[in-house]
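Structure file target_3.cif; described as mmCIF, C-alpha atoms.
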```cif
data_protein
#
loop_
_atom_site.label_atom_id
_atom_site.label_comp_id
_atom_site.auth_asym_id
_atom_site.auth_seq_id
_atom_site.Cartn_x
_atom_site.Cartn_y
_atom_site.Cartn_z
CA MET A 1 65.42 -127.04 -121.35
CA ALA A 2 63.23 -126.73 -118.28
CA ARG A 3 63.71 -130.42 -117.50
CA SER A 4 67.46 -129.99 -117.96
CA ARG A 5 67.50 -127.11 -115.44
CA VAL A 6 65.51 -129.20 -112.97
CA THR A 7 67.90 -132.15 -113.34
CA ARG A 8 70.93 -129.91 -112.99
CA GLY A 9 69.39 -128.39 -109.86
CA LYS A 10 68.72 -131.85 -108.41
CA ILE A 11 72.34 -132.82 -108.97
CA VAL A 12 73.68 -129.72 -107.22
CA ALA A 13 71.15 -130.10 -104.39
CA ALA A 14 72.25 -133.73 -103.98
CA LEU A 15 75.87 -132.65 -103.68
CA LEU A 16 74.97 -129.99 -101.11
CA ASP A 17 72.90 -132.47 -99.09
CA LEU A 18 75.56 -135.18 -99.14
CA ILE A 19 78.23 -132.77 -97.94
CA ARG A 20 75.97 -131.19 -95.31
CA ASP A 21 75.22 -134.69 -94.02
CA GLY A 22 78.92 -135.47 -93.60
CA ASN A 23 80.12 -136.97 -96.88
CA LEU A 24 82.78 -134.35 -97.56
CA SER A 25 84.01 -135.88 -100.80
CA PRO A 26 81.12 -137.60 -102.55
CA THR A 27 81.69 -139.43 -105.80
CA SER A 28 79.72 -138.80 -108.97
CA GLU A 29 77.98 -142.14 -108.41
CA GLU A 30 76.88 -141.14 -104.93
CA VAL A 31 75.62 -137.78 -106.23
CA ALA A 32 73.71 -139.49 -109.05
CA GLN A 33 72.15 -142.02 -106.72
CA TYR A 34 71.11 -139.35 -104.20
CA ALA A 35 69.70 -137.16 -106.99
CA ASN A 36 67.90 -140.20 -108.40
CA VAL A 37 69.45 -139.78 -111.85
CA GLY A 38 71.60 -142.04 -113.99
CA GLY A 39 75.33 -142.11 -113.43
CA ARG A 40 76.16 -140.57 -116.79
CA THR A 41 73.56 -137.84 -116.30
CA VAL A 42 75.88 -136.02 -113.89
CA PHE A 43 78.45 -135.63 -116.64
CA ARG A 44 75.88 -134.62 -119.22
CA HIS A 45 75.16 -131.61 -117.05
CA PHE A 46 78.66 -130.98 -115.69
CA GLN A 47 81.93 -131.30 -117.54
CA ASP A 48 83.61 -132.89 -114.53
CA MET A 49 83.38 -133.01 -110.75
CA GLU A 50 85.35 -129.76 -110.54
CA SER A 51 82.60 -127.92 -112.44
CA LEU A 52 79.95 -129.50 -110.21
CA PHE A 53 81.84 -128.36 -107.12
CA GLU A 54 82.21 -124.93 -108.72
CA GLU A 55 78.42 -124.70 -109.04
CA MET A 56 78.03 -125.80 -105.43
CA ASN A 57 80.53 -123.15 -104.35
CA ALA A 58 78.50 -120.50 -106.18
CA ARG A 59 75.38 -121.55 -104.27
CA VAL A 60 77.18 -121.48 -100.93
CA ARG A 61 78.65 -118.07 -101.77
CA PHE A 62 75.12 -116.84 -102.55
CA LEU A 63 74.04 -117.99 -99.07
CA VAL A 64 76.80 -116.20 -97.20
CA GLU A 65 77.19 -113.11 -99.37
CA PRO A 66 74.62 -111.05 -97.42
CA LEU A 67 76.30 -111.87 -94.13
CA LEU A 68 79.75 -110.89 -95.40
CA THR A 69 78.71 -107.70 -97.15
CA GLN A 70 76.66 -106.16 -94.36
CA GLY A 71 76.87 -102.45 -94.99
CA THR A 72 76.16 -100.81 -91.65
CA TRP A 73 77.58 -101.42 -88.23
CA ASP A 74 75.98 -99.49 -85.40
CA GLY A 75 76.85 -98.92 -81.79
CA THR A 76 79.84 -98.78 -79.55
CA LEU A 77 83.02 -100.69 -80.23
CA PRO A 78 81.99 -103.64 -78.00
CA GLN A 79 78.57 -103.74 -79.68
CA ARG A 80 80.08 -103.78 -83.16
CA ILE A 81 82.55 -106.49 -82.16
CA GLU A 82 79.61 -108.55 -80.93
CA GLN A 83 77.68 -107.91 -84.17
CA LEU A 84 80.68 -109.02 -86.23
CA VAL A 85 81.37 -112.16 -84.21
CA THR A 86 77.68 -113.10 -84.10
CA ALA A 87 77.30 -112.67 -87.88
CA ARG A 88 80.45 -114.66 -88.56
CA ALA A 89 79.52 -117.43 -86.13
CA ALA A 90 76.17 -117.85 -87.90
CA THR A 91 77.88 -117.86 -91.30
CA PHE A 92 80.61 -120.26 -90.27
CA GLU A 93 78.18 -122.68 -88.66
CA GLN A 94 76.18 -122.70 -91.90
CA ILE A 95 79.12 -123.40 -94.17
CA THR A 96 81.43 -125.59 -92.07
CA ALA A 97 80.73 -128.82 -93.97
CA TYR A 98 81.15 -127.12 -97.35
CA TYR A 99 84.36 -125.42 -96.24
CA LEU A 100 85.78 -128.72 -94.97
CA SER A 101 84.75 -130.39 -98.22
CA GLY A 102 86.73 -127.75 -100.06
CA GLU A 103 89.78 -128.56 -97.95
CA THR A 104 89.84 -132.04 -99.50
CA ARG A 105 90.29 -130.53 -102.99
CA LEU A 106 91.96 -127.19 -102.29
CA HIS A 107 95.45 -128.17 -103.40
CA THR A 108 94.24 -129.35 -106.84
CA SER A 109 91.54 -126.79 -107.61
CA PRO A 110 92.47 -123.37 -108.98
CA THR A 111 88.79 -122.41 -108.83
CA LEU A 112 88.60 -123.24 -105.16
CA GLN A 113 91.89 -121.49 -104.45
CA ARG A 114 90.49 -118.31 -106.04
CA ALA A 115 87.25 -118.67 -104.09
CA ARG A 116 89.18 -119.03 -100.81
CA ALA A 117 91.24 -115.93 -101.57
CA GLN A 118 88.05 -113.99 -102.34
CA PHE A 119 86.45 -115.25 -99.12
CA ALA A 120 89.46 -114.09 -97.09
CA ALA A 121 89.40 -110.70 -98.82
CA GLN A 122 85.68 -110.34 -98.09
CA GLN A 123 86.28 -111.14 -94.44
CA ARG A 124 89.10 -108.58 -94.30
CA ARG A 125 86.93 -105.85 -95.89
CA GLN A 126 84.10 -106.64 -93.51
CA LEU A 127 86.45 -106.49 -90.53
CA ARG A 128 87.77 -103.07 -91.54
CA ALA A 129 84.25 -101.74 -92.23
CA CYS A 130 82.95 -102.94 -88.89
CA LEU A 131 85.97 -101.93 -86.84
CA PRO A 132 87.60 -98.87 -88.40
CA GLU A 133 89.45 -98.43 -85.08
CA ILE A 134 91.62 -101.32 -86.15
CA GLY A 135 93.63 -98.80 -88.17
CA ALA A 136 94.94 -97.42 -84.86
CA HIS A 137 96.09 -100.91 -83.86
CA PRO A 138 98.00 -102.28 -86.88
CA GLU A 139 99.87 -104.72 -84.64
CA ALA A 140 96.55 -106.31 -83.67
CA LEU A 141 95.07 -106.48 -87.18
CA ALA A 142 96.55 -109.86 -88.11
CA ALA A 143 95.55 -111.41 -84.79
CA ILE A 144 91.99 -110.11 -85.02
CA GLU A 145 91.73 -111.26 -88.61
CA LEU A 146 92.80 -114.75 -87.54
CA LEU A 147 90.53 -114.82 -84.49
CA THR A 148 87.49 -113.88 -86.56
CA SER A 149 88.30 -116.12 -89.53
CA MET A 150 86.80 -119.42 -90.59
CA GLU A 151 90.09 -121.12 -89.72
CA GLY A 152 89.98 -119.68 -86.20
CA TRP A 153 86.37 -120.78 -85.86
CA LEU A 154 87.18 -124.32 -86.97
CA ARG A 155 90.08 -124.49 -84.51
CA LEU A 156 87.81 -123.56 -81.62
CA ARG A 157 84.87 -125.72 -82.69
CA ARG A 158 86.63 -128.85 -83.93
CA THR A 159 90.11 -128.99 -82.43
CA GLN A 160 89.37 -127.42 -79.07
CA ASP A 161 85.85 -128.92 -79.02
CA LEU A 162 84.12 -125.74 -77.83
CA SER A 163 80.43 -125.15 -78.40
CA ALA A 164 79.36 -122.38 -80.77
CA GLU A 165 78.52 -120.19 -77.76
CA GLN A 166 81.86 -120.86 -76.06
CA SER A 167 83.69 -120.15 -79.30
CA GLN A 168 81.83 -116.88 -79.74
CA GLN A 169 82.63 -115.82 -76.18
CA ALA A 170 86.31 -116.68 -76.58
CA ILE A 171 86.55 -114.62 -79.77
CA LEU A 172 84.68 -111.68 -78.24
CA ALA A 173 86.95 -111.61 -75.19
CA ALA A 174 90.12 -111.85 -77.26
CA VAL A 175 89.14 -109.14 -79.76
CA ASP A 176 87.99 -106.86 -76.91
CA ARG A 177 91.35 -107.26 -75.20
CA LEU A 178 93.34 -106.69 -78.36
CA LEU A 179 91.51 -103.45 -79.17
CA ALA A 180 91.45 -102.21 -75.58
CA SER A 181 95.26 -102.08 -75.36
#
```
As structure tokens:
Amino acid sequence: MARSRVTRGKIVAALLDLIRDGNLSPTSEEVAQYANVGGRTVFRHFQDMESLFEEMNARVRFLVEPLLTQGTWDGTLPQRIEQLVTARAATFEQITAYYLSGETRLHTSPTLQRARAQFAAQQRRQLRACLPEIGAHPEALAAIELLTSMEGWLRLRRTQDLSAEQSQQAILAAVDRLLAS
């Protein structure tokens, strides 16, 4: 059983590494080769690729959970906005490759669809906990939620080709302006 756990761990680690290194949709053969196991071994440990990706998603969720469930937010409104954006930028930079990998399978994976909905709900709860003032600005809530979301981050980083620092500054300025009005 111990050897089985080690092999299973190697397979998941291989998937994580392949995706982190830019192969957003690795095949079972590529995972097996990277993990240095036989091709059929992947499917002895995982029912199918969906279940392997599900395990990977659980590991990624474990990584980001502490950043998305931060319990206390201290300081003035601008300080809390900066704390939120800084925490999210760090999280989003960590998970970009895994998120993009999920995009390749999102339309066919109920598991991934549920995970994305949970991720969005976590972000929303965190936003409201960090910025309770948002209740006084319901017209700005949707815009701030978008600005501070993974999708907003990807737009700035990948489509608009901004650096992480430039993206952070753009988000900070926009959220500040929305809440100042």
A straight line from CA of Gly9 (chain A) to CA of Ala120 (chain A) spans 27.8 Å
Care to translate the PyMOL selection byres ((chain A and resi 148) around 9) into actual residues of this file, as a ChimeraX atom specification?
-> /A:84-85,88-89,123,127,143-147,149-153,171,175
Take the residues that were just selected and, keeping C-alpha atoms, output them as a PDB file, in the frame of the given file.
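New file result-v9.pdb:
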```pdb
ATOM      1  CA  LEU A  84      80.680-109.020 -86.230  1.00  0.00           C
ATOM      2  CA  VAL A  85      81.370-112.160 -84.210  1.00  0.00           C
ATOM      3  CA  ARG A  88      80.450-114.660 -88.560  1.00  0.00           C
ATOM      4  CA  ALA A  89      79.520-117.430 -86.130  1.00  0.00           C
ATOM      5  CA  GLN A 123      86.280-111.140 -94.440  1.00  0.00           C
ATOM      6  CA  LEU A 127      86.450-106.490 -90.530  1.00  0.00           C
ATOM      7  CA  ALA A 143      95.550-111.410 -84.790  1.00  0.00           C
ATOM      8  CA  ILE A 144      91.990-110.110 -85.020  1.00  0.00           C
ATOM      9  CA  GLU A 145      91.730-111.260 -88.610  1.00  0.00           C
ATOM     10  CA  LEU A 146      92.800-114.750 -87.540  1.00  0.00           C
ATOM     11  CA  LEU A 147      90.530-114.820 -84.490  1.00  0.00           C
ATOM     12  CA  SER A 149      88.300-116.120 -89.530  1.00  0.00           C
ATOM     13  CA  MET A 150      86.800-119.420 -90.590  1.00  0.00           C
ATOM     14  CA  GLU A 151      90.090-121.120 -89.720  1.00  0.00           C
ATOM     15  CA  GLY A 152      89.980-119.680 -86.200  1.00  0.00           C
ATOM     16  CA  TRP A 153      86.370-120.780 -85.860  1.00  0.00           C
ATOM     17  CA  ILE A 171      86.550-114.620 -79.770  1.00  0.00           C
ATOM     18  CA  VAL A 175      89.140-109.140 -79.760  1.00  0.00           C
TER      19      VAL A 175
END
```
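Interatomic distance, CA of Met49 (chain A) against CA of Thr96 (chain A): 20.2 Å.
Excluding Gly102 (chain A) itself and same-chain residues fewer than 6 positions from it, the residues having an atom within 10 Å of it are Leu24, Ser25, Phe53, Asn57, Thr96, Ser109, Leu112, Gln113, Ala115 and Arg116 of chain A, counting all atoms listed in the file.
The smallest atom-to-atom distance between Gln47 (chain A) and any of A:Glu65, A:Pro78, A:Arg8, A:Gly22, using all atoms listed in the file, is found for A:Arg8.
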Residues in the PyMOL selection byres ((chain A and resi 168) around 9), expressed as number ranges by chain = A: 82, 85-86, 89, 153, 163-167, 169-173
Would you put the residues from that selection into a file with C-alpha atoms, as a short mmCIF file (atom, residue, chain, number, x, y, z; two decimals), in the coordinates of the input?
```
data_model
loop_
_atom_site.label_atom_id
_atom_site.label_comp_id
_atom_site.auth_asym_id
_atom_site.auth_seq_id
_atom_site.Cartn_x
_atom_site.Cartn_y
_atom_site.Cartn_z
CA GLU A 82 79.61 -108.55 -80.93
CA VAL A 85 81.37 -112.16 -84.21
CA THR A 86 77.68 -113.10 -84.10
CA ALA A 89 79.52 -117.43 -86.13
CA TRP A 153 86.37 -120.78 -85.86
CA SER A 163 80.43 -125.15 -78.40
CA ALA A 164 79.36 -122.38 -80.77
CA GLU A 165 78.52 -120.19 -77.76
CA GLN A 166 81.86 -120.86 -76.06
CA SER A 167 83.69 -120.15 -79.30
CA GLN A 169 82.63 -115.82 -76.18
CA ALA A 170 86.31 -116.68 -76.58
CA ILE A 171 86.55 -114.62 -79.77
CA LEU A 172 84.68 -111.68 -78.24
CA ALA A 173 86.95 -111.61 -75.19
#
```
